[in-house]
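J.: What follows is a structure written as structure tokens; I'll ask about it next.
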Amino acid sequence: MEEGVTENTGPQGTVEANLDQTLRPHKWDEYIGQENIKENLRVLIQAAMERNHAPEHTLLYGPPGLGKTTLAYLIAKELNTNVKATAGPVIERVGDLAAVLTNLNAGDILFIDEIHRLNKSVEELLYPAMESGKLDIIVGKGPSARTIELGLPPFTLIGATTRIALISSPLRSRFSGGVYQLEFYSNDEIKTILERSSKLLDVQIEKDATNEIAQRSRQTPRTANYLLKRCRDVAQLNRSAITKEVAEKGLTMIGVDELGLTVSDRRILEVIIEKFDGGPVGLKTLAAAALEEEETIEGVYEPYLMQEGLLERTPRGRVATPRAYAHLGKTPTQERLV
Ligand code: ADE
């Protein structure tokens with residue numbers, strides 16, 4: 001298999017082996033939440049199966065850790081087919097994508113994570129492949145160059161992105177199976193996920209500890225499971241269940257506060273408040289001052305900070321809200337109050 005592509009059938013080292021096998025849902029019924037997306041995908045899959053066709057290409061977007069990859073694998077399971085998984089930054093050249101596409105088997109799911117990071121020439125090769133299952137390859141150079149058209153087996157592309165705004169409209173319009181936004185999870189959904197995960201990890205957890213972890217998990221299953229594992233470590237060394245005290249200790253140790261903010265989240269807010277008097281500050285300036293990538297701020301940190309009402313995006317830049325000041329125990333300057 002070519003570099004950068006992994007199959008869900010292989011042994012160690014493949015994406016499937018690297019997925020968090022124990023905690024990831026393996027059946028639709030185990031996948032909590034995102035009801036609207038699940039319903040849409042079920043219809044898409046069932047109708048396609050009845051027609052004996054590969055389902056149409058689908059784009060999933062939303063902040064990291066909400067279950068985009070998991071959905072792609074569940075779709076494949078439902079279709080009884082394989083996933084070939086790759087990512088935007090890995091497909092550097094047109095030839096890389098051609099290699100991926102020509103290695104597909106009929107009915108495969110091609111999962112491209114971070115699809116917003118495909119470069120333009122690669123993206124353009126994808127259009128005819130998505131639209132009519134054709135691959136246009138240019139052979140030779142100069143006056144003798146010619147295009148050969150290769151037919152591809154039927155396949156379903158599932159794209160995933162944290163940055164929908166960076167998806168060009170020609171690419172977006174080719175996802176005829178739909179463009180779906182994953183939502184943050186409710187507190188109850190996260191608690192259900194934590195209860196399931198603690199059973200799978202074979203660790204005792206008390207109800208108020210589940211509440212505490214849920215509250216700090218950024219409404220994100222991946223974070224919830226990560227926090228649960230860190231609390232399990234503390235419980236194990238204490239030879240106890242995960243009690244509220246154990247959870248508080250574990251979560252404080254890794255720097256996650258009562259709202260689920262990490263050191264990086266707090267640094268972003270502190271930079272806006274302390275260096276830019278609460279904002280507005282442009283993204284570029286903020287990224288440089290907070291020692292973060294612009295893309296990480298927009299795709300990873302901001303969605304949750306905005307969801308929690310701690311940060312606002314305005315036409316003039318990012319602004320820390322009064323709630324951010326209160327949460328960090330800061331007082332607005334005199335200039336800011338007038
Ligand atoms: N683990 C990660 N995402 C999940 C979900 N949506 N439901 C259950 N477990 C999960």
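Ordering of the structure tokens sets the chain letters (A, B, ...), residue numbers begin anew at 1 in every chain, and ligands are numbered from 1 in the order given.
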Please identify all protein, DNA and RNA residues within 6 Å of ligand 1, counting only C-alpha atoms and all ligand atoms, and report them as a PyMOL selection string.

T.: chain A and resi 24-25+30-33+67+193+221-222

J.: Which residues are close to Val281 of chain A, i.e. within 9 Å by only C-alpha atoms, leaving aside same-chain residues fewer than 5 positions away? Reply as a list in words.

T.: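 Within the cut-off, the hits are Ile272, Phe276, Leu286, Arg316, Gly317, Arg318 and Val319 of chain A.
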
J.: With only C-alpha atoms as the atoms that count, which of A:Asn36, A:Thr102, A:Thr58, A:Gln219 lies nearest to Phe184 of chain A?

T.: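 Comparing A:Asn36, A:Thr102, A:Thr58, A:Gln219 against Phe184 of chain A, the winner is A:Gln219.
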
J.: When DSSP is applied to the backbone of this structure, which of segment 4-116 of chain A are assigned alpha helix (DSSP H)? Write them out as a PyMOL selection string.

T.: chain A and resi 15-18+35-50+68-79+94-102

J.: Using only N, CA and C atoms, please write the residues we just selected to a file, as a short mmCIF file (atom, residue, chain, number, x, y, z; two decimals), in the first residue's frame.

T.:
```
data_model
loop_
_atom_site.label_atom_id
_atom_site.label_comp_id
_atom_site.auth_asym_id
_atom_site.auth_seq_id
_atom_site.Cartn_x
_atom_site.Cartn_y
_atom_site.Cartn_z
N VAL A 15 -4.33 2.63 10.77
CA VAL A 15 -5.19 3.58 11.47
C VAL A 15 -6.12 2.85 12.43
N GLU A 16 -6.70 1.74 11.97
CA GLU A 16 -7.66 1.04 12.83
C GLU A 16 -6.98 0.59 14.12
N ALA A 17 -5.74 0.11 13.98
CA ALA A 17 -5.03 -0.33 15.18
C ALA A 17 -4.75 0.86 16.09
N ASN A 18 -4.56 2.04 15.48
CA ASN A 18 -4.25 3.22 16.29
C ASN A 18 -5.48 3.89 16.86
N GLU A 35 -27.90 13.04 16.63
CA GLU A 35 -29.04 12.26 16.12
C GLU A 35 -29.40 12.64 14.69
N ASN A 36 -29.38 13.93 14.43
CA ASN A 36 -29.79 14.37 13.09
C ASN A 36 -28.85 13.84 12.01
N ILE A 37 -27.57 13.88 12.29
CA ILE A 37 -26.60 13.38 11.30
C ILE A 37 -26.77 11.88 11.12
N LYS A 38 -26.92 11.18 12.25
CA LYS A 38 -27.07 9.72 12.16
C LYS A 38 -28.28 9.35 11.30
N GLU A 39 -29.37 10.09 11.51
CA GLU A 39 -30.60 9.81 10.76
C GLU A 39 -30.36 10.03 9.26
N ASN A 40 -29.74 11.15 8.94
CA ASN A 40 -29.45 11.45 7.53
C ASN A 40 -28.54 10.39 6.91
N LEU A 41 -27.54 9.99 7.66
CA LEU A 41 -26.59 9.01 7.12
C LEU A 41 -27.25 7.64 6.95
N ARG A 42 -28.14 7.30 7.89
CA ARG A 42 -28.84 6.01 7.76
C ARG A 42 -29.64 5.95 6.48
N VAL A 43 -30.35 7.05 6.19
CA VAL A 43 -31.16 7.09 4.96
C VAL A 43 -30.24 7.00 3.73
N LEU A 44 -29.17 7.77 3.76
CA LEU A 44 -28.22 7.78 2.63
C LEU A 44 -27.69 6.36 2.37
N ILE A 45 -27.31 5.69 3.46
CA ILE A 45 -26.71 4.35 3.34
C ILE A 45 -27.75 3.34 2.86
N GLN A 46 -28.93 3.36 3.49
CA GLN A 46 -29.93 2.35 3.14
C GLN A 46 -30.39 2.50 1.71
N ALA A 47 -30.63 3.75 1.30
CA ALA A 47 -31.10 3.97 -0.07
C ALA A 47 -30.02 3.53 -1.06
N ALA A 48 -28.77 3.83 -0.76
CA ALA A 48 -27.68 3.44 -1.67
C ALA A 48 -27.57 1.92 -1.73
N MET A 49 -27.71 1.27 -0.58
CA MET A 49 -27.61 -0.19 -0.58
C MET A 49 -28.73 -0.82 -1.40
N GLU A 50 -29.91 -0.26 -1.27
CA GLU A 50 -31.05 -0.79 -2.06
C GLU A 50 -30.80 -0.64 -3.55
N LYS A 68 -15.97 12.57 13.97
CA LYS A 68 -16.04 12.52 12.51
C LYS A 68 -15.45 11.21 11.98
N THR A 69 -14.26 10.88 12.47
CA THR A 69 -13.60 9.65 12.02
C THR A 69 -14.44 8.43 12.40
N THR A 70 -14.95 8.45 13.62
CA THR A 70 -15.77 7.33 14.09
C THR A 70 -16.96 7.11 13.17
N LEU A 71 -17.61 8.21 12.76
CA LEU A 71 -18.76 8.08 11.86
C LEU A 71 -18.34 7.42 10.55
N ALA A 72 -17.19 7.81 10.02
CA ALA A 72 -16.72 7.24 8.75
C ALA A 72 -16.56 5.72 8.88
N TYR A 73 -16.00 5.29 10.00
CA TYR A 73 -15.81 3.84 10.20
C TYR A 73 -17.14 3.13 10.42
N LEU A 74 -18.08 3.82 11.07
CA LEU A 74 -19.39 3.18 11.27
C LEU A 74 -20.13 3.04 9.94
N ILE A 75 -19.98 4.02 9.08
CA ILE A 75 -20.60 3.95 7.75
C ILE A 75 -20.03 2.75 7.01
N ALA A 76 -18.71 2.59 7.08
CA ALA A 76 -18.07 1.47 6.37
C ALA A 76 -18.58 0.14 6.92
N LYS A 77 -18.73 0.09 8.22
CA LYS A 77 -19.20 -1.14 8.85
C LYS A 77 -20.61 -1.49 8.33
N GLU A 78 -21.45 -0.47 8.29
CA GLU A 78 -22.82 -0.66 7.81
C GLU A 78 -22.83 -1.17 6.37
N LEU A 79 -21.91 -0.68 5.59
CA LEU A 79 -21.84 -1.06 4.18
C LEU A 79 -21.04 -2.34 3.98
N VAL A 94 -0.14 15.63 -6.99
CA VAL A 94 -1.20 15.00 -7.78
C VAL A 94 -0.97 13.49 -7.85
N GLY A 95 0.30 13.10 -8.00
CA GLY A 95 0.62 11.67 -8.10
C GLY A 95 0.25 10.90 -6.83
N ASP A 96 0.34 11.58 -5.67
CA ASP A 96 -0.03 10.92 -4.41
C ASP A 96 -1.52 10.58 -4.41
N LEU A 97 -2.32 11.53 -4.89
CA LEU A 97 -3.77 11.28 -4.91
C LEU A 97 -4.10 10.22 -5.96
N ALA A 98 -3.42 10.30 -7.11
CA ALA A 98 -3.66 9.29 -8.16
C ALA A 98 -3.38 7.90 -7.62
N ALA A 99 -2.31 7.77 -6.84
CA ALA A 99 -1.96 6.46 -6.27
C ALA A 99 -3.05 5.99 -5.30
N VAL A 100 -3.56 6.91 -4.49
CA VAL A 100 -4.62 6.54 -3.54
C VAL A 100 -5.86 6.08 -4.30
N LEU A 101 -6.23 6.86 -5.31
CA LEU A 101 -7.49 6.56 -6.03
C LEU A 101 -7.39 5.26 -6.83
N THR A 102 -6.24 5.03 -7.44
CA THR A 102 -6.14 3.82 -8.27
C THR A 102 -6.00 2.56 -7.40
#
```

J.: So which residues touch Thr210 of chain A within 8 Å, counting only C-alpha atoms, skipping near sequence neighbours fewer than 3 positions away, as a PDB file with N, CA, C and O atoms, in the first residue's frame?

T.:
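Result saved to out_39.pdb:
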```pdb
ATOM      1  N   LYS A 191     -22.154  12.313  29.819  1.00  0.00           N
ATOM      2  CA  LYS A 191     -22.210  11.416  30.988  1.00  0.00           C
ATOM      3  C   LYS A 191     -22.461   9.975  30.550  1.00  0.00           C
ATOM      4  O   LYS A 191     -21.840   9.047  31.075  1.00  0.00           O
ATOM      5  N   LEU A 194     -19.257   8.653  29.254  1.00  0.00           N
ATOM      6  CA  LEU A 194     -18.317   8.365  30.353  1.00  0.00           C
ATOM      7  C   LEU A 194     -18.691   7.077  31.082  1.00  0.00           C
ATOM      8  O   LEU A 194     -17.819   6.298  31.476  1.00  0.00           O
ATOM      9  N   GLU A 195     -19.995   6.864  31.254  1.00  0.00           N
ATOM     10  CA  GLU A 195     -20.422   5.631  31.946  1.00  0.00           C
ATOM     11  C   GLU A 195     -20.045   4.398  31.125  1.00  0.00           C
ATOM     12  O   GLU A 195     -19.528   3.412  31.645  1.00  0.00           O
ATOM     13  N   ILE A 205     -16.660   4.252  38.960  1.00  0.00           N
ATOM     14  CA  ILE A 205     -16.733   5.716  39.020  1.00  0.00           C
ATOM     15  C   ILE A 205     -18.012   6.130  39.735  1.00  0.00           C
ATOM     16  O   ILE A 205     -19.079   5.568  39.464  1.00  0.00           O
ATOM     17  N   GLU A 206     -17.913   7.063  40.651  1.00  0.00           N
ATOM     18  CA  GLU A 206     -19.093   7.521  41.377  1.00  0.00           C
ATOM     19  C   GLU A 206     -19.807   8.589  40.559  1.00  0.00           C
ATOM     20  O   GLU A 206     -19.200   9.265  39.732  1.00  0.00           O
ATOM     21  N   LYS A 207     -21.120   8.722  40.839  1.00  0.00           N
ATOM     22  CA  LYS A 207     -21.972   9.614  40.028  1.00  0.00           C
ATOM     23  C   LYS A 207     -21.460  11.059  40.008  1.00  0.00           C
ATOM     24  O   LYS A 207     -21.408  11.694  38.946  1.00  0.00           O
ATOM     25  N   ILE A 213     -16.326  15.227  35.731  1.00  0.00           N
ATOM     26  CA  ILE A 213     -15.547  15.047  34.486  1.00  0.00           C
ATOM     27  C   ILE A 213     -16.348  15.563  33.296  1.00  0.00           C
ATOM     28  O   ILE A 213     -15.810  16.258  32.436  1.00  0.00           O
ATOM     29  N   ALA A 214     -17.661  15.260  33.292  1.00  0.00           N
ATOM     30  CA  ALA A 214     -18.500  15.714  32.170  1.00  0.00           C
ATOM     31  C   ALA A 214     -18.443  17.232  32.047  1.00  0.00           C
ATOM     32  O   ALA A 214     -18.303  17.785  30.956  1.00  0.00           O
ATOM     33  N   LYS A 244     -15.338  11.898  43.540  1.00  0.00           N
ATOM     34  CA  LYS A 244     -15.283  13.300  43.133  1.00  0.00           C
ATOM     35  C   LYS A 244     -13.901  13.889  43.483  1.00  0.00           C
ATOM     36  O   LYS A 244     -13.323  14.640  42.692  1.00  0.00           O
TER      37      LYS A 244
END
```

J.: Would you please extract all strand (DSSP E) residues from segment 148-177 of chain A, as assigned by DSSP on the backbone, and give them as JSON, numbers by chain?

T.: {"A": [148, 149, 150, 151, 156, 157, 158, 159, 160, 161]}

J.: Write out, as a PDB file, in the first residue's frame, the residues just selected, with all heavy atoms.

T.:
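Final file, again.pdb:
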```
ATOM      1  N   ILE A 148      -4.575  11.059 -20.219  1.00  0.00           N
ATOM      2  CA  ILE A 148      -5.213   9.740 -20.272  1.00  0.00           C
ATOM      3  C   ILE A 148      -6.318   9.734 -19.228  1.00  0.00           C
ATOM      4  O   ILE A 148      -6.120  10.220 -18.113  1.00  0.00           O
ATOM      5  CB  ILE A 148      -4.245   8.599 -19.884  1.00  0.00           C
ATOM      6  CG1 ILE A 148      -2.886   8.765 -20.516  1.00  0.00           C
ATOM      7  CG2 ILE A 148      -4.832   7.249 -20.234  1.00  0.00           C
ATOM      8  CD1 ILE A 148      -1.959   7.607 -20.156  1.00  0.00           C
ATOM      9  N   GLU A 149      -7.444   9.188 -19.624  1.00  0.00           N
ATOM     10  CA  GLU A 149      -8.558   9.131 -18.680  1.00  0.00           C
ATOM     11  C   GLU A 149      -8.692   7.709 -18.149  1.00  0.00           C
ATOM     12  O   GLU A 149      -8.828   6.769 -18.918  1.00  0.00           O
ATOM     13  CB  GLU A 149      -9.836   9.544 -19.400  1.00  0.00           C
ATOM     14  CG  GLU A 149     -10.947   9.872 -18.462  1.00  0.00           C
ATOM     15  CD  GLU A 149     -12.197  10.254 -19.236  1.00  0.00           C
ATOM     16  OE1 GLU A 149     -12.945   9.343 -19.613  1.00  0.00           O
ATOM     17  OE2 GLU A 149     -12.385  11.469 -19.470  1.00  0.00           O
ATOM     18  N   LEU A 150      -8.580   7.585 -16.844  1.00  0.00           N
ATOM     19  CA  LEU A 150      -8.710   6.261 -16.221  1.00  0.00           C
ATOM     20  C   LEU A 150     -10.056   6.170 -15.515  1.00  0.00           C
ATOM     21  O   LEU A 150     -10.462   7.114 -14.845  1.00  0.00           O
ATOM     22  CB  LEU A 150      -7.629   6.082 -15.151  1.00  0.00           C
ATOM     23  CG  LEU A 150      -6.230   5.670 -15.554  1.00  0.00           C
ATOM     24  CD1 LEU A 150      -5.366   5.508 -14.309  1.00  0.00           C
ATOM     25  CD2 LEU A 150      -6.273   4.370 -16.343  1.00  0.00           C
ATOM     26  N   GLY A 151     -10.722   5.045 -15.657  1.00  0.00           N
ATOM     27  CA  GLY A 151     -11.983   4.848 -14.916  1.00  0.00           C
ATOM     28  C   GLY A 151     -11.659   4.312 -13.526  1.00  0.00           C
ATOM     29  O   GLY A 151     -10.766   3.477 -13.367  1.00  0.00           O
ATOM     30  N   THR A 156     -16.894   5.873  -2.166  1.00  0.00           N
ATOM     31  CA  THR A 156     -17.501   6.995  -1.443  1.00  0.00           C
ATOM     32  C   THR A 156     -16.407   7.763  -0.732  1.00  0.00           C
ATOM     33  O   THR A 156     -15.675   7.202   0.080  1.00  0.00           O
ATOM     34  CB  THR A 156     -18.521   6.487  -0.395  1.00  0.00           C
ATOM     35  OG1 THR A 156     -19.525   5.748  -1.080  1.00  0.00           O
ATOM     36  CG2 THR A 156     -19.154   7.643   0.360  1.00  0.00           C
ATOM     37  N   LEU A 157     -16.312   9.030  -1.054  1.00  0.00           N
ATOM     38  CA  LEU A 157     -15.369   9.882  -0.336  1.00  0.00           C
ATOM     39  C   LEU A 157     -16.056  10.455   0.905  1.00  0.00           C
ATOM     40  O   LEU A 157     -17.147  11.022   0.804  1.00  0.00           O
ATOM     41  CB  LEU A 157     -14.902  11.031  -1.246  1.00  0.00           C
ATOM     42  CG  LEU A 157     -14.049  12.106  -0.560  1.00  0.00           C
ATOM     43  CD1 LEU A 157     -12.731  11.538  -0.051  1.00  0.00           C
ATOM     44  CD2 LEU A 157     -13.774  13.263  -1.517  1.00  0.00           C
ATOM     45  N   ILE A 158     -15.433  10.269   2.042  1.00  0.00           N
ATOM     46  CA  ILE A 158     -15.894  10.973   3.242  1.00  0.00           C
ATOM     47  C   ILE A 158     -14.783  11.936   3.634  1.00  0.00           C
ATOM     48  O   ILE A 158     -13.671  11.523   3.959  1.00  0.00           O
ATOM     49  CB  ILE A 158     -16.235  10.014   4.397  1.00  0.00           C
ATOM     50  CG1 ILE A 158     -17.324   9.042   3.942  1.00  0.00           C
ATOM     51  CG2 ILE A 158     -16.685  10.803   5.634  1.00  0.00           C
ATOM     52  CD1 ILE A 158     -17.799   8.080   5.005  1.00  0.00           C
ATOM     53  N   GLY A 159     -15.088  13.207   3.528  1.00  0.00           N
ATOM     54  CA  GLY A 159     -14.114  14.232   3.892  1.00  0.00           C
ATOM     55  C   GLY A 159     -14.418  14.703   5.313  1.00  0.00           C
ATOM     56  O   GLY A 159     -15.573  14.708   5.736  1.00  0.00           O
ATOM     57  N   ALA A 160     -13.376  15.080   6.034  1.00  0.00           N
ATOM     58  CA  ALA A 160     -13.582  15.638   7.369  1.00  0.00           C
ATOM     59  C   ALA A 160     -12.749  16.894   7.492  1.00  0.00           C
ATOM     60  O   ALA A 160     -11.622  16.950   6.990  1.00  0.00           O
ATOM     61  CB  ALA A 160     -13.169  14.629   8.438  1.00  0.00           C
ATOM     62  N   THR A 161     -13.329  17.892   8.136  1.00  0.00           N
ATOM     63  CA  THR A 161     -12.575  19.138   8.328  1.00  0.00           C
ATOM     64  C   THR A 161     -13.017  19.859   9.596  1.00  0.00           C
ATOM     65  O   THR A 161     -14.167  19.752  10.012  1.00  0.00           O
ATOM     66  CB  THR A 161     -12.715  20.079   7.108  1.00  0.00           C
ATOM     67  OG1 THR A 161     -11.943  21.252   7.348  1.00  0.00           O
ATOM     68  CG2 THR A 161     -14.145  20.497   6.851  1.00  0.00           C
TER      69      THR A 161
END
```

J.: Rank nothing, just name the residue among A:Lys284, A:Lys199, A:Lys120, A:Arg172 nearest to Glu298 of chain A, using only C-alpha atoms.

T.: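 Looking at the shortest contact to Glu298 of chain A, the residue is A:Lys284.
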